[in-house]
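Peer 1: Quick one: the structure is below, questions incoming.
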Amino acid sequence: MSLADAPQLIWPTHEKHSARDVYADSLQLNRFTLDINHVLATDDVRRVEWLQMGTHCFYHVWTATDEYLVNATDSFPRRTTLTSRLCESIIGGKAEIIDHYDNYYISQKRQLPLPVCRVKVDDADQSTYYINPKTGDCRYYNSNRRAGKWMYTGLHALNIPFFVEHPTLRKSILWALLLGGTAVSVTGLLLSIRYVRRLLHRQKAK
């Protein structure tokens with residue numbers, strides 16, 4: 001189960017949605033009215049990406065130590081944060097800002113940033129988008145991907161909120177399962193070897 005995708009027969013994908021749905025297919029450069037030179041002059045900027053989410057335009061800015069969004073239609077450069085209402089206008093559905101991991105937006109090493117805007121869309125695939133309010137980065141899940149998550153990281157690695165909050169318990173259970181699986185494998189191997197030896201002895205006896 002951990003090496004296979006969730007079967008489409010059980011959890012079909014109806015539409016080709018992805019995290020790219022959040023971003024416009026092509027940039028409308030006339031909407032980026034804020035002079036990029038003003039952005040470059042305000043900070044130790046290492047990289048800038050033009051980012052259009054629906055009709056909303058931003059500069060995604062990287063510095064040596066941080067990354068953030070700047071409203072590209074503002075009169076002067078200032079950092080901006082995406083709101084749940086803005087995310088709803090981009091994707092539709094129902095949006096909420098959450099400050100905790102759920103069953104799908106989760107990281108054992110807490111590398112995924114919080115808070116995050118979770119947008120649930122009532123479509124055939126029960127699409128859910130997780131948008132970083134600070135950078136605009138997005139993750140996407142549908143019914144098939146959620147099933148795949150449980151088949152692999154959920155059950156295989158116990159990557160669920162309760163165990164992320166209790167890492168020592170998680171590691172203890174994983175070690176117990178690994179040692180138990182190893183014991184079963186070794187026992188099965190020894191029994192197989194004894195069975196083959198008995199067969200060989202019977203062949204020689206004949």
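Residue names in the structure tokens use chain letters A, B, ... in the order shown, residue numbers from 1 in each chain, and ligand numbers from 1 in the order shown.
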Please list as a short mmCIF file (atom, residue, chain, number, x, y, z; two decimals) with all heavy atoms, in the first residue's frame every residue within 12 Å of Glu88 of chain A, counting only C-alpha atoms and excluding residues in the same chain fewer than 3 positions away.

Peer 2:
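Dumped to part-v2.cif:
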```cif
data_model
loop_
_atom_site.label_atom_id
_atom_site.label_comp_id
_atom_site.auth_asym_id
_atom_site.auth_seq_id
_atom_site.Cartn_x
_atom_site.Cartn_y
_atom_site.Cartn_z
N VAL A 22 -4.35 28.27 -8.09
CA VAL A 22 -4.29 29.52 -7.33
C VAL A 22 -3.70 30.65 -8.18
O VAL A 22 -4.02 31.83 -7.97
CB VAL A 22 -3.43 29.31 -6.06
CG1 VAL A 22 -3.18 30.62 -5.33
CG2 VAL A 22 -4.12 28.31 -5.14
N MET A 53 -2.38 36.06 -8.52
CA MET A 53 -3.31 35.09 -7.94
C MET A 53 -4.72 35.62 -8.24
O MET A 53 -5.18 36.57 -7.62
CB MET A 53 -3.07 34.95 -6.45
CG MET A 53 -1.63 34.57 -6.11
SD MET A 53 -1.27 34.55 -4.34
CE MET A 53 -2.15 33.05 -3.85
N GLY A 54 -5.38 35.00 -9.21
CA GLY A 54 -6.64 35.56 -9.68
C GLY A 54 -6.38 36.90 -10.34
O GLY A 54 -5.58 37.01 -11.26
N LEU A 82 -1.86 37.59 2.94
CA LEU A 82 -3.12 37.17 2.35
C LEU A 82 -4.14 36.89 3.46
O LEU A 82 -3.84 36.23 4.45
CB LEU A 82 -2.93 35.91 1.51
CG LEU A 82 -1.89 35.99 0.38
CD1 LEU A 82 -1.79 34.66 -0.34
CD2 LEU A 82 -2.25 37.10 -0.59
N THR A 83 -5.35 37.38 3.27
CA THR A 83 -6.43 37.14 4.22
C THR A 83 -7.31 36.00 3.73
O THR A 83 -7.25 35.60 2.56
CB THR A 83 -7.28 38.40 4.39
OG1 THR A 83 -7.93 38.69 3.12
CG2 THR A 83 -6.43 39.59 4.82
N SER A 84 -8.14 35.47 4.62
CA SER A 84 -9.06 34.40 4.22
C SER A 84 -10.06 34.90 3.17
O SER A 84 -10.40 34.17 2.24
CB SER A 84 -9.79 33.86 5.45
OG SER A 84 -10.51 34.89 6.11
N ARG A 85 -10.48 36.14 3.30
CA ARG A 85 -11.43 36.69 2.31
C ARG A 85 -10.79 36.79 0.94
O ARG A 85 -11.42 36.48 -0.07
CB ARG A 85 -11.91 38.06 2.77
CG ARG A 85 -12.92 38.70 1.82
CD ARG A 85 -13.48 39.99 2.38
NE ARG A 85 -14.24 39.76 3.61
CZ ARG A 85 -14.86 40.72 4.28
NH1 ARG A 85 -14.79 41.99 3.86
NH2 ARG A 85 -15.53 40.43 5.38
N ILE A 91 -9.98 31.48 -5.04
CA ILE A 91 -10.32 30.08 -5.26
C ILE A 91 -11.82 29.83 -5.25
O ILE A 91 -12.34 29.00 -5.98
CB ILE A 91 -9.65 29.20 -4.18
CG1 ILE A 91 -8.13 29.24 -4.34
CG2 ILE A 91 -10.12 27.74 -4.29
CD1 ILE A 91 -7.62 28.66 -5.61
N GLY A 92 -12.55 30.59 -4.43
CA GLY A 92 -13.94 30.24 -4.14
C GLY A 92 -13.97 29.33 -2.94
O GLY A 92 -12.95 29.10 -2.28
N GLY A 93 -15.11 28.77 -2.63
CA GLY A 93 -15.19 27.87 -1.48
C GLY A 93 -15.17 28.63 -0.17
O GLY A 93 -15.46 29.82 -0.10
N LYS A 94 -14.80 27.93 0.88
CA LYS A 94 -14.79 28.49 2.22
C LYS A 94 -13.37 28.48 2.77
O LYS A 94 -12.72 27.44 2.83
CB LYS A 94 -15.72 27.69 3.14
CG LYS A 94 -15.86 28.27 4.54
CD LYS A 94 -16.83 27.46 5.36
CE LYS A 94 -16.97 28.06 6.77
NZ LYS A 94 -17.90 27.26 7.61
N ALA A 95 -12.90 29.65 3.20
CA ALA A 95 -11.51 29.77 3.67
C ALA A 95 -11.47 30.10 5.14
O ALA A 95 -12.36 30.77 5.67
CB ALA A 95 -10.78 30.85 2.86
N GLU A 96 -10.42 29.60 5.79
CA GLU A 96 -10.18 29.93 7.19
C GLU A 96 -8.68 29.89 7.46
O GLU A 96 -7.95 29.10 6.86
CB GLU A 96 -10.91 28.97 8.13
CG GLU A 96 -10.50 27.53 7.97
CD GLU A 96 -11.19 26.60 8.97
OE1 GLU A 96 -11.55 27.07 10.06
OE2 GLU A 96 -11.37 25.42 8.63
N ILE A 97 -8.24 30.76 8.34
CA ILE A 97 -6.84 30.76 8.76
C ILE A 97 -6.70 29.81 9.95
O ILE A 97 -7.40 29.95 10.95
CB ILE A 97 -6.37 32.17 9.16
CG1 ILE A 97 -6.55 33.16 8.00
CG2 ILE A 97 -4.92 32.14 9.62
CD1 ILE A 97 -5.68 32.89 6.81
N CYS A 117 -3.72 29.40 5.34
CA CYS A 117 -5.13 29.58 4.95
C CYS A 117 -5.61 28.30 4.28
O CYS A 117 -5.08 27.90 3.24
CB CYS A 117 -5.28 30.77 4.01
SG CYS A 117 -7.01 31.12 3.60
N ARG A 118 -6.60 27.66 4.88
CA ARG A 118 -7.16 26.43 4.32
C ARG A 118 -8.46 26.77 3.59
O ARG A 118 -9.38 27.33 4.18
CB ARG A 118 -7.43 25.42 5.44
CG ARG A 118 -8.01 24.09 4.96
CD ARG A 118 -8.12 23.11 6.11
NE ARG A 118 -8.99 23.61 7.18
CZ ARG A 118 -9.08 23.05 8.39
NH1 ARG A 118 -8.32 22.01 8.70
NH2 ARG A 118 -9.89 23.56 9.30
N VAL A 119 -8.50 26.44 2.31
CA VAL A 119 -9.68 26.75 1.48
C VAL A 119 -10.31 25.44 1.02
O VAL A 119 -9.68 24.67 0.29
CB VAL A 119 -9.30 27.61 0.26
CG1 VAL A 119 -10.57 28.05 -0.48
CG2 VAL A 119 -8.48 28.81 0.67
N LYS A 120 -11.54 25.19 1.44
CA LYS A 120 -12.25 23.98 1.04
C LYS A 120 -13.27 24.32 -0.04
O LYS A 120 -14.06 25.25 0.12
CB LYS A 120 -12.96 23.35 2.25
CG LYS A 120 -12.01 22.83 3.32
CD LYS A 120 -12.77 22.14 4.44
CE LYS A 120 -11.81 21.56 5.48
NZ LYS A 120 -12.54 20.88 6.58
N VAL A 121 -13.24 23.56 -1.12
CA VAL A 121 -14.14 23.80 -2.26
C VAL A 121 -15.09 22.62 -2.37
O VAL A 121 -14.67 21.46 -2.36
CB VAL A 121 -13.34 23.96 -3.56
CG1 VAL A 121 -14.28 24.22 -4.74
CG2 VAL A 121 -12.33 25.10 -3.43
N THR A 128 -9.15 20.79 -1.53
CA THR A 128 -8.71 21.62 -0.41
C THR A 128 -7.35 22.22 -0.76
O THR A 128 -6.44 21.51 -1.17
CB THR A 128 -8.60 20.81 0.89
OG1 THR A 128 -9.87 20.20 1.18
CG2 THR A 128 -8.21 21.73 2.05
N TYR A 129 -7.26 23.54 -0.59
CA TYR A 129 -6.02 24.26 -0.86
C TYR A 129 -5.47 24.82 0.45
O TYR A 129 -6.22 25.33 1.28
CB TYR A 129 -6.26 25.42 -1.83
CG TYR A 129 -6.81 25.00 -3.18
CD1 TYR A 129 -8.17 24.76 -3.35
CD2 TYR A 129 -5.97 24.86 -4.28
CE1 TYR A 129 -8.68 24.38 -4.59
CE2 TYR A 129 -6.47 24.49 -5.52
CZ TYR A 129 -7.83 24.25 -5.67
OH TYR A 129 -8.32 23.88 -6.89
N TYR A 130 -4.16 24.71 0.61
CA TYR A 130 -3.48 25.30 1.76
C TYR A 130 -2.53 26.38 1.24
O TYR A 130 -1.56 26.07 0.56
CB TYR A 130 -2.69 24.23 2.53
CG TYR A 130 -3.56 23.16 3.15
CD1 TYR A 130 -3.89 22.01 2.44
CD2 TYR A 130 -4.05 23.30 4.45
CE1 TYR A 130 -4.69 21.01 3.01
CE2 TYR A 130 -4.85 22.32 5.02
CZ TYR A 130 -5.16 21.18 4.29
OH TYR A 130 -5.95 20.21 4.86
N ILE A 131 -2.85 27.64 1.53
CA ILE A 131 -2.10 28.77 0.99
C ILE A 131 -1.35 29.47 2.11
O ILE A 131 -1.96 29.85 3.13
CB ILE A 131 -3.05 29.76 0.28
CG1 ILE A 131 -3.87 29.04 -0.79
CG2 ILE A 131 -2.25 30.90 -0.34
CD1 ILE A 131 -4.95 29.90 -1.41
#
```

Peer 1: Could you name the residues that touch Asn159 of chain A at 12 Å or less, counting only C-alpha atoms, but leaving out those on the same chain fewer than 3 positions away, as a list in words?

Peer 2: Tyr101, Asp102, Asn103, Tyr104, Tyr105, Ile106, Ser107, Gln108, Lys109, Arg110, Lys149, Trp150, Met151, Tyr152, Thr153, Gly154, Leu155, His156, Phe162, Phe163, Val164, Glu165, His166, Pro167, Arg170, Lys171 and Leu174 of chain A

Peer 1: Based on DSSP run over this structure's backbone, return all residues of segment 61-183 of chain A in strand (DSSP E), as a ChimeraX atom specification.

Peer 2: /A:61-63,67-71,79-80,94-98,116-120,128-131,138-141

Peer 1: Can you pull out the residues contacting Phe32 of chain A? Cut-off 9 Å, using only C-alpha atoms, and skip same-chain residues under 5 positions away; I want them as a list of chain:residue names.

Peer 2: A:Trp50, A:Cys57, A:Phe58, A:Tyr59, A:Asn71, A:Ala72, A:Thr73, A:Asp74

Peer 1: Go ahead and write the residues just picked, N, CA and C atoms, as a PDB file, in the first residue's frame.

Peer 2:
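For reference, result-v3.pdb as written:
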```pdb
ATOM      1  N   TRP A  50       7.297  37.701 -10.123  1.00  0.00           N
ATOM      2  CA  TRP A  50       5.995  38.314 -10.394  1.00  0.00           C
ATOM      3  C   TRP A  50       4.936  37.243 -10.162  1.00  0.00           C
ATOM      4  N   CYS A  57      -2.266  40.984  -7.779  1.00  0.00           N
ATOM      5  CA  CYS A  57      -0.874  40.937  -8.236  1.00  0.00           C
ATOM      6  C   CYS A  57       0.088  41.245  -7.087  1.00  0.00           C
ATOM      7  N   PHE A  58       1.149  40.472  -7.023  1.00  0.00           N
ATOM      8  CA  PHE A  58       2.140  40.625  -5.958  1.00  0.00           C
ATOM      9  C   PHE A  58       3.545  40.447  -6.527  1.00  0.00           C
ATOM     10  N   TYR A  59       4.492  40.978  -5.801  1.00  0.00           N
ATOM     11  CA  TYR A  59       5.885  40.622  -5.992  1.00  0.00           C
ATOM     12  C   TYR A  59       6.259  39.677  -4.846  1.00  0.00           C
ATOM     13  N   ASN A  71       2.381  43.975  -2.310  1.00  0.00           N
ATOM     14  CA  ASN A  71       1.259  44.286  -3.187  1.00  0.00           C
ATOM     15  C   ASN A  71       1.762  45.077  -4.390  1.00  0.00           C
ATOM     16  N   ALA A  72       1.646  44.488  -5.588  1.00  0.00           N
ATOM     17  CA  ALA A  72       2.202  45.105  -6.792  1.00  0.00           C
ATOM     18  C   ALA A  72       1.313  46.213  -7.351  1.00  0.00           C
ATOM     19  N   THR A  73       0.169  46.455  -6.730  1.00  0.00           N
ATOM     20  CA  THR A  73      -0.704  47.548  -7.187  1.00  0.00           C
ATOM     21  C   THR A  73      -0.720  48.700  -6.187  1.00  0.00           C
ATOM     22  N   ASP A  74       0.139  48.635  -5.172  1.00  0.00           N
ATOM     23  CA  ASP A  74       0.201  49.675  -4.151  1.00  0.00           C
ATOM     24  C   ASP A  74       1.003  50.870  -4.665  1.00  0.00           C
TER      25      ASP A  74
END
```

Peer 1: Run DSSP on the backbone and give me the residues of segment 17-149 of chain A it puts in alpha helix (DSSP H), as a PyMOL selection string.

Peer 2: chain A and resi 36-40+84-91+143-149

Peer 1: Return the single residue from A:Leu190, A:Val48, A:Ala124, A:Ile36 that is closest to Phe76 of chain A, with distances computed using only C-alpha atoms.

Peer 2: A:Ile36

Peer 1: When you look at Val61 of chain A with a cut-off of 7 Å (counting only C-alpha atoms), what residues show up, excluding the ones that are within fewer than 2 positions of it in the same chain? I need them as a list of chain:residue names.

Peer 2: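 In the requested format, the answer is A:Val45, A:Arg47, A:Val48, A:Glu49, A:Tyr59, A:Thr63, A:Glu67, A:Tyr68, A:Leu69.
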
Peer 1: Quick one: residues within 10 Å of Glu15 of chain A, only C-alpha atoms, excluding same-chain residues fewer than 5 positions away - as a list in words?

Peer 2: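 My reading of the contact set: Asp123, Ala124, Asp125, Ser127 and Asn142 of chain A.
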
Peer 1: I'd like the contact shell of Pro12 of chain A - 7 Å cut-off, only C-alpha atoms, skipping same-chain residues fewer than 3 positions apart - returned as a ChimeraX atom specification.

Peer 2: /A:8-9,144

Peer 1: Rounded to one decimal, what separation in Å do you get between atom CA of Pro7 of chain A and atom CA of Arg146 of chain A?

Peer 2: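 For atom CA of Pro7 of chain A relative to atom CA of Arg146 of chain A, the distance reads 11.7 Å.
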